[in-house]
file entry-v9.pdb (PDB, C-alpha atoms)
MODEL        1
ATOM      1  CA  ASP E1468       0.000   0.000   0.000  1.00  0.00           C
ATOM      2  CA  SER E1469       1.579   3.244  -1.218  1.00  0.00           C
ATOM      3  CA  GLY E1470      -0.541   5.458   1.020  1.00  0.00           C
ATOM      4  CA  VAL E1471      -2.033   7.198  -2.023  1.00  0.00           C
ATOM      5  CA  THR E1472      -5.767   6.678  -2.444  1.00  0.00           C
ATOM      6  CA  GLN E1473      -7.879   7.145  -5.545  1.00  0.00           C
ATOM      7  CA  THR E1474     -11.614   7.007  -5.996  1.00  0.00           C
ATOM      8  CA  PRO E1475     -13.538   5.608  -7.671  1.00  0.00           C
ATOM      9  CA  LYS E1476     -11.789   2.413  -8.664  1.00  0.00           C
ATOM     10  CA  HIS E1477     -13.926   1.930 -11.757  1.00  0.00           C
ATOM     11  CA  LEU E1478     -16.095   4.343 -13.677  1.00  0.00           C
ATOM     12  CA  ILE E1479     -18.319   3.568 -16.629  1.00  0.00           C
ATOM     13  CA  THR E1480     -19.981   6.443 -18.400  1.00  0.00           C
ATOM     14  CA  ALA E1481     -21.228   7.568 -21.784  1.00  0.00           C
ATOM     15  CA  THR E1482     -19.753   9.838 -24.423  1.00  0.00           C
ATOM     16  CA  GLY E1483     -20.356  13.509 -23.783  1.00  0.00           C
ATOM     17  CA  GLN E1484     -20.535  13.114 -20.024  1.00  0.00           C
ATOM     18  CA  ARG E1485     -18.339  14.664 -17.324  1.00  0.00           C
ATOM     19  CA  VAL E1486     -16.604  12.808 -14.503  1.00  0.00           C
ATOM     20  CA  THR E1487     -14.409  13.689 -11.543  1.00  0.00           C
ATOM     21  CA  LEU E1488     -11.568  11.522 -10.318  1.00  0.00           C
ATOM     22  CA  ARG E1489     -10.240  12.031  -6.831  1.00  0.00           C
ATOM     23  CA  CYS E1490      -6.794  11.505  -5.339  1.00  0.00           C
ATOM     24  CA  SER E1491      -5.524  11.802  -1.783  1.00  0.00           C
ATOM     25  CA  PRO E1492      -1.725  11.937  -1.527  1.00  0.00           C
ATOM     26  CA  ARG E1493       0.416  10.267   1.109  1.00  0.00           C
ATOM     27  CA  SER E1494       0.476  12.100   4.396  1.00  0.00           C
ATOM     28  CA  GLY E1495       3.067  14.860   4.173  1.00  0.00           C
ATOM     29  CA  ASP E1496       3.394  14.834   0.379  1.00  0.00           C
ATOM     30  CA  LEU E1497       2.824  18.224  -1.200  1.00  0.00           C
ATOM     31  CA  SER E1498       3.073  17.281  -4.864  1.00  0.00           C
ATOM     32  CA  VAL E1499       0.462  15.415  -6.891  1.00  0.00           C
ATOM     33  CA  TYR E1500       0.923  14.156 -10.441  1.00  0.00           C
ATOM     34  CA  TRP E1501      -1.775  12.846 -12.768  1.00  0.00           C
ATOM     35  CA  TYR E1502      -0.952  10.258 -15.433  1.00  0.00           C
ATOM     36  CA  GLN E1503      -3.040   8.569 -18.119  1.00  0.00           C
ATOM     37  CA  GLN E1504      -2.373   5.032 -19.300  1.00  0.00           C
ATOM     38  CA  SER E1505      -4.053   3.989 -22.523  1.00  0.00           C
ATOM     39  CA  LEU E1506      -3.423   0.894 -24.610  1.00  0.00           C
ATOM     40  CA  ASP E1507      -2.041   2.787 -27.577  1.00  0.00           C
ATOM     41  CA  GLN E1508      -0.153   5.627 -25.846  1.00  0.00           C
ATOM     42  CA  GLY E1509       1.168   3.946 -22.721  1.00  0.00           C
ATOM     43  CA  LEU E1510       1.717   6.080 -19.626  1.00  0.00           C
ATOM     44  CA  GLN E1511       1.655   9.826 -20.178  1.00  0.00           C
ATOM     45  CA  PHE E1512       2.014  12.748 -17.827  1.00  0.00           C
ATOM     46  CA  LEU E1513      -1.022  15.022 -17.643  1.00  0.00           C
ATOM     47  CA  ILE E1514      -0.481  17.630 -14.945  1.00  0.00           C
ATOM     48  CA  GLN E1515       1.292  18.333 -11.666  1.00  0.00           C
ATOM     49  CA  TYR E1516       0.253  20.335  -8.634  1.00  0.00           C
ATOM     50  CA  TYR E1517       2.458  21.413  -5.788  1.00  0.00           C
ATOM     51  CA  ASN E1518       0.954  22.718  -2.561  1.00  0.00           C
ATOM     52  CA  GLY E1519      -2.188  23.888  -4.296  1.00  0.00           C
ATOM     53  CA  GLU E1520      -0.627  25.441  -7.362  1.00  0.00           C
ATOM     54  CA  GLU E1521      -0.247  24.099 -10.861  1.00  0.00           C
ATOM     55  CA  ARG E1522       3.429  23.334 -11.414  1.00  0.00           C
ATOM     56  CA  ALA E1523       3.670  21.607 -14.795  1.00  0.00           C
ATOM     57  CA  LYS E1524       1.456  20.593 -17.666  1.00  0.00           C
ATOM     58  CA  GLY E1525       1.929  17.680 -20.014  1.00  0.00           C
ATOM     59  CA  ASN E1526      -0.309  16.201 -22.670  1.00  0.00           C
ATOM     60  CA  ILE E1527      -3.531  17.287 -21.022  1.00  0.00           C
ATOM     61  CA  LEU E1528      -6.485  18.003 -23.272  1.00  0.00           C
ATOM     62  CA  GLU E1529      -8.411  21.262 -22.929  1.00  0.00           C
ATOM     63  CA  ARG E1530     -11.476  19.197 -21.962  1.00  0.00           C
ATOM     64  CA  PHE E1531      -9.585  18.049 -18.873  1.00  0.00           C
ATOM     65  CA  SER E1532      -8.816  20.162 -15.830  1.00  0.00           C
ATOM     66  CA  ALA E1533      -7.492  19.564 -12.358  1.00  0.00           C
ATOM     67  CA  GLN E1534      -7.057  21.265  -9.039  1.00  0.00           C
ATOM     68  CA  GLN E1535      -5.451  20.672  -5.685  1.00  0.00           C
ATOM     69  CA  PHE E1536      -7.338  21.725  -2.588  1.00  0.00           C
ATOM     70  CA  PRO E1537      -6.036  23.189   0.691  1.00  0.00           C
ATOM     71  CA  ASP E1538      -6.105  19.727   2.301  1.00  0.00           C
ATOM     72  CA  LEU E1539      -3.842  18.649  -0.615  1.00  0.00           C
ATOM     73  CA  HIS E1540      -6.247  16.196  -2.183  1.00  0.00           C
ATOM     74  CA  SER E1541      -6.604  16.628  -5.925  1.00  0.00           C
ATOM     75  CA  GLU E1542      -9.365  16.168  -8.445  1.00  0.00           C
ATOM     76  CA  LEU E1543      -9.111  15.550 -12.174  1.00  0.00           C
ATOM     77  CA  ASN E1544     -12.169  16.631 -14.139  1.00  0.00           C
ATOM     78  CA  LEU E1545     -12.812  15.113 -17.543  1.00  0.00           C
ATOM     79  CA  SER E1546     -15.597  16.585 -19.637  1.00  0.00           C
ATOM     80  CA  SER E1547     -17.218  16.000 -23.050  1.00  0.00           C
ATOM     81  CA  LEU E1548     -15.908  12.482 -22.805  1.00  0.00           C
ATOM     82  CA  GLU E1549     -14.967  10.573 -25.936  1.00  0.00           C
ATOM     83  CA  LEU E1550     -14.399   6.877 -26.513  1.00  0.00           C
ATOM     84  CA  GLY E1551     -10.651   7.538 -26.696  1.00  0.00           C
ATOM     85  CA  ASP E1552     -10.619   8.834 -23.135  1.00  0.00           C
ATOM     86  CA  SER E1553     -11.099   5.303 -21.869  1.00  0.00           C
ATOM     87  CA  ALA E1554      -7.930   4.584 -19.906  1.00  0.00           C
ATOM     88  CA  LEU E1555      -6.426   4.010 -16.500  1.00  0.00           C
ATOM     89  CA  TYR E1556      -5.820   7.270 -14.667  1.00  0.00           C
ATOM     90  CA  PHE E1557      -3.163   7.258 -11.987  1.00  0.00           C
ATOM     91  CA  CYS E1558      -2.219   9.864  -9.516  1.00  0.00           C
ATOM     92  CA  ALA E1559       1.131   9.841  -7.764  1.00  0.00           C
ATOM     93  CA  SER E1560       2.466  11.924  -4.930  1.00  0.00           C
ATOM     94  CA  SER E1561       5.888  12.963  -3.749  1.00  0.00           C
ATOM     95  CA  VAL E1562       7.276  14.925  -0.865  1.00  0.00           C
ATOM     96  CA  ALA E1563       8.087  17.925  -2.995  1.00  0.00           C
ATOM     97  CA  GLY E1564       8.224  18.836  -6.635  1.00  0.00           C
ATOM     98  CA  GLY E1565      11.344  18.127  -8.598  1.00  0.00           C
ATOM     99  CA  TYR E1566      13.254  14.897  -8.457  1.00  0.00           C
ATOM    100  CA  ASN E1567      11.747  12.800  -5.708  1.00  0.00           C
ATOM    101  CA  GLU E1568      10.433   9.280  -5.591  1.00  0.00           C
ATOM    102  CA  GLN E1569       6.803   9.142  -6.615  1.00  0.00           C
ATOM    103  CA  PHE E1570       4.240   6.881  -4.985  1.00  0.00           C
ATOM    104  CA  PHE E1571       1.361   5.740  -7.145  1.00  0.00           C
ATOM    105  CA  GLY E1572      -2.268   5.294  -6.278  1.00  0.00           C
ATOM    106  CA  PRO E1573      -4.179   2.192  -7.416  1.00  0.00           C
ATOM    107  CA  GLY E1574      -5.659   4.027 -10.393  1.00  0.00           C
ATOM    108  CA  THR E1575      -9.152   4.706 -11.686  1.00  0.00           C
ATOM    109  CA  ARG E1576     -10.259   2.688 -14.688  1.00  0.00           C
ATOM    110  CA  LEU E1577     -12.487   4.843 -16.869  1.00  0.00           C
ATOM    111  CA  THR E1578     -14.610   3.249 -19.553  1.00  0.00           C
ATOM    112  CA  VAL E1579     -16.476   5.527 -21.947  1.00  0.00           C
ATOM    113  CA  LEU E1580     -19.235   3.789 -23.891  1.00  0.00           C
TER     114      LEU E1580
ATOM    115  CA  LYS Z1257      12.168   8.216 -31.662  1.00  0.00           C
ATOM    116  CA  ASN Z1258      10.854   7.822 -28.115  1.00  0.00           C
ATOM    117  CA  GLU Z1259      12.779   9.584 -25.372  1.00  0.00           C
ATOM    118  CA  VAL Z1260      12.843   6.360 -23.340  1.00  0.00           C
ATOM    119  CA  GLU Z1261      13.389   3.040 -25.064  1.00  0.00           C
ATOM    120  CA  GLN Z1262      13.106  -0.327 -23.348  1.00  0.00           C
ATOM    121  CA  SER Z1263      14.109  -3.774 -24.487  1.00  0.00           C
ATOM    122  CA  PRO Z1264      12.928  -6.388 -24.786  1.00  0.00           C
ATOM    123  CA  GLN Z1265       9.215  -5.655 -25.137  1.00  0.00           C
ATOM    124  CA  ASN Z1266       8.307  -9.154 -24.012  1.00  0.00           C
ATOM    125  CA  LEU Z1267      10.330 -11.665 -22.049  1.00  0.00           C
ATOM    126  CA  THR Z1268       9.549 -15.214 -21.046  1.00  0.00           C
ATOM    127  CA  ALA Z1269      11.825 -16.964 -18.581  1.00  0.00           C
ATOM    128  CA  GLN Z1270      11.956 -20.173 -16.609  1.00  0.00           C
ATOM    129  CA  GLU Z1271      11.855 -19.975 -12.848  1.00  0.00           C
ATOM    130  CA  GLY Z1272      15.345 -19.473 -11.456  1.00  0.00           C
ATOM    131  CA  GLU Z1273      16.755 -17.685 -14.497  1.00  0.00           C
ATOM    132  CA  PHE Z1274      18.688 -14.421 -14.320  1.00  0.00           C
ATOM    133  CA  ILE Z1275      16.792 -11.665 -16.108  1.00  0.00           C
ATOM    134  CA  THR Z1276      17.976  -8.363 -17.568  1.00  0.00           C
ATOM    135  CA  ILE Z1277      15.780  -5.547 -18.851  1.00  0.00           C
ATOM    136  CA  ASN Z1278      17.415  -2.607 -20.577  1.00  0.00           C
ATOM    137  CA  CYS Z1279      16.508   1.051 -20.789  1.00  0.00           C
ATOM    138  CA  SER Z1280      18.066   3.780 -22.934  1.00  0.00           C
ATOM    139  CA  TYR Z1281      17.090   7.416 -22.819  1.00  0.00           C
ATOM    140  CA  SER Z1282      17.882  10.424 -24.942  1.00  0.00           C
ATOM    141  CA  VAL Z1283      17.112  13.315 -22.614  1.00  0.00           C
ATOM    142  CA  GLY Z1284      19.150  14.812 -19.821  1.00  0.00           C
ATOM    143  CA  ILE Z1285      17.976  13.487 -16.488  1.00  0.00           C
ATOM    144  CA  SER Z1286      18.773  13.709 -12.846  1.00  0.00           C
ATOM    145  CA  ALA Z1287      17.056  10.475 -11.872  1.00  0.00           C
ATOM    146  CA  LEU Z1288      15.790   7.294 -13.453  1.00  0.00           C
ATOM    147  CA  HIS Z1289      12.976   5.198 -12.033  1.00  0.00           C
ATOM    148  CA  TRP Z1290      12.135   1.545 -12.364  1.00  0.00           C
ATOM    149  CA  LEU Z1291       8.477   0.717 -11.783  1.00  0.00           C
ATOM    150  CA  GLN Z1292       6.576  -2.553 -11.601  1.00  0.00           C
ATOM    151  CA  GLN Z1293       3.011  -2.829 -12.802  1.00  0.00           C
ATOM    152  CA  HIS Z1294       1.094  -5.838 -11.602  1.00  0.00           C
ATOM    153  CA  PRO Z1295      -1.493  -7.638 -13.745  1.00  0.00           C
ATOM    154  CA  GLY Z1296      -4.193  -5.923 -11.692  1.00  0.00           C
ATOM    155  CA  GLY Z1297      -2.871  -2.532 -12.829  1.00  0.00           C
ATOM    156  CA  GLY Z1298      -1.223  -1.171  -9.676  1.00  0.00           C
ATOM    157  CA  ILE Z1299       2.165   0.537 -10.045  1.00  0.00           C
ATOM    158  CA  VAL Z1300       4.945   0.119  -7.509  1.00  0.00           C
ATOM    159  CA  SER Z1301       8.152   2.127  -7.449  1.00  0.00           C
ATOM    160  CA  LEU Z1302      11.119  -0.263  -7.336  1.00  0.00           C
ATOM    161  CA  PHE Z1303      14.104   2.054  -7.629  1.00  0.00           C
ATOM    162  CA  MET Z1304      15.031   5.661  -8.152  1.00  0.00           C
ATOM    163  CA  LEU Z1305      18.680   6.135  -9.026  1.00  0.00           C
ATOM    164  CA  SER Z1306      20.921   8.806 -10.443  1.00  0.00           C
ATOM    165  CA  SER Z1307      24.256   6.988 -10.439  1.00  0.00           C
ATOM    166  CA  GLY Z1308      25.847   3.627  -9.828  1.00  0.00           C
ATOM    167  CA  LYS Z1309      23.873   0.686  -8.574  1.00  0.00           C
ATOM    168  CA  LYS Z1310      21.097  -0.137  -6.119  1.00  0.00           C
ATOM    169  CA  LYS Z1311      20.032  -3.504  -4.766  1.00  0.00           C
ATOM    170  CA  HIS Z1312      16.832  -4.572  -3.088  1.00  0.00           C
ATOM    171  CA  GLY Z1313      16.420  -8.260  -2.415  1.00  0.00           C
ATOM    172  CA  ARG Z1314      16.717 -10.093  -5.730  1.00  0.00           C
ATOM    173  CA  LEU Z1315      16.453  -6.885  -7.753  1.00  0.00           C
ATOM    174  CA  ILE Z1316      19.456  -4.860  -8.902  1.00  0.00           C
ATOM    175  CA  ALA Z1317      19.345  -1.628 -10.875  1.00  0.00           C
ATOM    176  CA  THR Z1318      22.320   0.016 -12.516  1.00  0.00           C
ATOM    177  CA  ILE Z1319      22.732   3.232 -14.430  1.00  0.00           C
ATOM    178  CA  ASN Z1320      25.462   4.610 -16.670  1.00  0.00           C
ATOM    179  CA  ILE Z1321      24.879   8.332 -17.009  1.00  0.00           C
ATOM    180  CA  GLN Z1322      27.533   8.822 -19.718  1.00  0.00           C
ATOM    181  CA  GLU Z1323      25.977   6.134 -21.912  1.00  0.00           C
ATOM    182  CA  LYS Z1324      22.396   7.098 -20.955  1.00  0.00           C
ATOM    183  CA  HIS Z1325      21.583   3.508 -20.168  1.00  0.00           C
ATOM    184  CA  SER Z1326      20.125   1.598 -17.250  1.00  0.00           C
ATOM    185  CA  SER Z1327      19.513  -2.058 -16.567  1.00  0.00           C
ATOM    186  CA  LEU Z1328      17.208  -3.879 -14.193  1.00  0.00           C
ATOM    187  CA  HIS Z1329      18.330  -7.351 -13.167  1.00  0.00           C
ATOM    188  CA  ILE Z1330      16.295 -10.007 -11.407  1.00  0.00           C
ATOM    189  CA  THR Z1331      18.226 -12.875  -9.885  1.00  0.00           C
ATOM    190  CA  ALA Z1332      16.654 -16.287  -9.232  1.00  0.00           C
ATOM    191  CA  SER Z1333      13.424 -15.264 -10.968  1.00  0.00           C
ATOM    192  CA  HIS Z1334      10.114 -16.518  -9.627  1.00  0.00           C
ATOM    193  CA  PRO Z1335       6.604 -16.678 -11.136  1.00  0.00           C
ATOM    194  CA  ARG Z1336       5.539 -13.906  -8.747  1.00  0.00           C
ATOM    195  CA  ASP Z1337       7.982 -11.606 -10.594  1.00  0.00           C
ATOM    196  CA  SER Z1338       5.659 -11.769 -13.606  1.00  0.00           C
ATOM    197  CA  ALA Z1339       4.621  -8.194 -14.291  1.00  0.00           C
ATOM    198  CA  VAL Z1340       5.298  -5.266 -16.582  1.00  0.00           C
ATOM    199  CA  TYR Z1341       8.512  -3.420 -15.734  1.00  0.00           C
ATOM    200  CA  ILE Z1342       8.593   0.228 -16.725  1.00  0.00           C
ATOM    201  CA  CYS Z1343      11.581   2.521 -16.978  1.00  0.00           C
ATOM    202  CA  ALA Z1344      10.890   6.221 -16.476  1.00  0.00           C
ATOM    203  CA  VAL Z1345      13.079   9.293 -16.403  1.00  0.00           C
ATOM    204  CA  GLY Z1346      12.484  12.485 -14.511  1.00  0.00           C
ATOM    205  CA  GLY Z1347      11.496  15.330 -16.820  1.00  0.00           C
ATOM    206  CA  SER Z1348      12.533  18.937 -16.313  1.00  0.00           C
ATOM    207  CA  GLN Z1349       9.498  19.578 -14.123  1.00  0.00           C
ATOM    208  CA  GLY Z1350       9.932  16.422 -12.091  1.00  0.00           C
ATOM    209  CA  ASN Z1351       7.208  14.634 -14.026  1.00  0.00           C
ATOM    210  CA  LEU Z1352       8.034  11.191 -15.369  1.00  0.00           C
ATOM    211  CA  ILE Z1353       8.594  10.233 -19.010  1.00  0.00           C
ATOM    212  CA  PHE Z1354       7.885   6.545 -19.434  1.00  0.00           C
ATOM    213  CA  GLY Z1355       9.157   3.753 -21.596  1.00  0.00           C
ATOM    214  CA  LYS Z1356       6.605   1.387 -23.094  1.00  0.00           C
ATOM    215  CA  GLY Z1357       7.386  -1.329 -20.570  1.00  0.00           C
ATOM    216  CA  THR Z1358       8.706  -4.881 -20.660  1.00  0.00           C
ATOM    217  CA  LYS Z1359       6.195  -7.638 -20.050  1.00  0.00           C
ATOM    218  CA  LEU Z1360       7.891 -10.397 -18.072  1.00  0.00           C
ATOM    219  CA  SER Z1361       6.424 -13.850 -17.675  1.00  0.00           C
ATOM    220  CA  VAL Z1362       8.238 -16.338 -15.460  1.00  0.00           C
ATOM    221  CA  LYS Z1363       7.161 -19.947 -15.917  1.00  0.00           C
ATOM    222  CA  PRO Z1364       7.375 -22.470 -13.072  1.00  0.00           C
TER     223      PRO Z1364
ENDMDL
END

call {"tool": "encode", "arguments": {"input": "entry-v9.pdb", "output": "structure tokens"}}
result
Amino acid sequence: DSGVTQTPKHLITATGQRVTLRCSPRSGDLSVYWYQQSLDQGLQFLIQYYNGEERAKGNILERFSAQQFPDLHSELNLSSLELGDSALYFCASSVAGGYNEQFFGPGTRLTVL
Amino acid sequence: KNEVEQSPQNLTAQEGEFITINCSYSVGISALHWLQQHPGGGIVSLFMLSSGKKKHGRLIATINIQEKHSSLHITASHPRDSAVYICAVGGSQGNLIFGKGTKLSVKP
């Protein structure tokens, strides 16, 4: 158990809908990263937050947004969902930004029908 | 060309064999990570290293910064080692850039 929690574990929804994925980092970790794992693209970095502020952006679509709250949990919002958004979404946390070991949550499996 | 290349893509071994997975990268890094992804999907961090060699149980990771190459070795492999092993390098923002993974299957 990494100490990082993600909810829900599975999510099945329809095209055009909006969903919210939630991540709670390990106690004491200030940095949260979101990653997407799809069959064709593999693991890709989406976005990073550090102590409530956006720190870095990767291949995140405009339909996706995220935030980190004062209690350091983070939410990833996916809207106008398309079939291609079906993937495993992981969050990871680390003590600080920069080059630290990252601890991964169990992931949320999103299926868009 | 991908920034992080792993080989082989797939690997089948007999229990007890010594296994090597290779990773080459083309970007400047300060740390390289080896991750294990179980069949159920969970990802576990095995090693983070920036130079030399690290050992944890039957797992050994090495890195050669000059050659931009890292290897993950598994000694005395066991069926429970069956998983996908992923090499990742730390990007400029601290985010990870991943290889495509090596799927290892260890037969009893």

call {"tool": "interface_residues", "arguments": {"input": "entry-v9.pdb", "of": "chain E", "to": "chain Z", "cutoff": "12 Å", "atoms": "all atoms listed in the file", "output": "ChimeraX atom specification"}}
result
/E:1468-1473,1476-1477,1498-1517,1521-1526,1554-1576

call {"tool": "resolve_selection", "arguments": {"input": "entry-v9.pdb", "expression": "the PyMOL selection byres ((chain Z and resi 1314-1316) around 7)", "output": "NGL selection string"}}
result
:Z and (1310-1313 or 1317-1318 or 1328-1331)

call {"tool": "atom_distance", "arguments": {"input": "entry-v9.pdb", "atom1": "atom CA of Z:Ala1339", "atom2": "atom CA of Z:Lys1359"}}
result
6.0 Å

call {"tool": "resolve_selection", "arguments": {"input": "entry-v9.pdb", "expression": "the PyMOL selection byres ((chain E and resi 1546) around 10)", "output": "PyMOL selection string"}}
result
chain E and resi 1482-1487+1528-1532+1543-1545+1547-1549+1552

call {"tool": "residues_around", "arguments": {"input": "entry-v9.pdb", "residues": "Z:Gln1265", "least_positions_apart": "3", "cutoff": "10 Å", "atoms": "all atoms listed in the file", "output": "PDB file with C-alpha atoms, in the frame of the given file"}}
result
ATOM      1  CA  GLU Z1261      13.389   3.040 -25.064  1.00  0.00           C
ATOM      2  CA  GLN Z1262      13.106  -0.327 -23.348  1.00  0.00           C
ATOM      3  CA  ILE Z1277      15.780  -5.547 -18.851  1.00  0.00           C
ATOM      4  CA  ASN Z1278      17.415  -2.607 -20.577  1.00  0.00           C
ATOM      5  CA  VAL Z1340       5.298  -5.266 -16.582  1.00  0.00           C
ATOM      6  CA  TYR Z1341       8.512  -3.420 -15.734  1.00  0.00           C
ATOM      7  CA  LYS Z1356       6.605   1.387 -23.094  1.00  0.00           C
ATOM      8  CA  GLY Z1357       7.386  -1.329 -20.570  1.00  0.00           C
ATOM      9  CA  THR Z1358       8.706  -4.881 -20.660  1.00  0.00           C
ATOM     10  CA  LYS Z1359       6.195  -7.638 -20.050  1.00  0.00           C
ATOM     11  CA  LEU Z1360       7.891 -10.397 -18.072  1.00  0.00           C
TER      12      LEU Z1360
END

call {"tool": "closest_residue", "arguments": {"input": "entry-v9.pdb", "among": "E:Thr1474, E:Gln1534, E:Ser1491, E:Thr1480", "to": "E:Val1579", "atoms": "all atoms listed in the file"}}
result
E:Thr1480

call {"tool": "closest_residue", "arguments": {"input": "entry-v9.pdb", "among": "E:Leu1497, E:Leu1488, E:Leu1580, E:Leu1478", "to": "E:Glu1542", "atoms": "all atoms listed in the file"}}
result
E:Leu1488

call {"tool": "atom_distance", "arguments": {"input": "entry-v9.pdb", "atom1": "atom CA of Z:Val1362", "atom2": "atom CA of Z:Ser1326"}}
result
21.6 Å

call {"tool": "resolve_selection", "arguments": {"input": "entry-v9.pdb", "expression": "the PyMOL selection byres ((chain Z and resi 1333) around 9)", "output": "JSON, numbers by chain"}}
result
{"Z": [1269, 1270, 1271, 1272, 1273, 1274, 1275, 1314, 1330, 1331, 1332, 1334, 1335, 1336, 1337, 1338, 1362]}
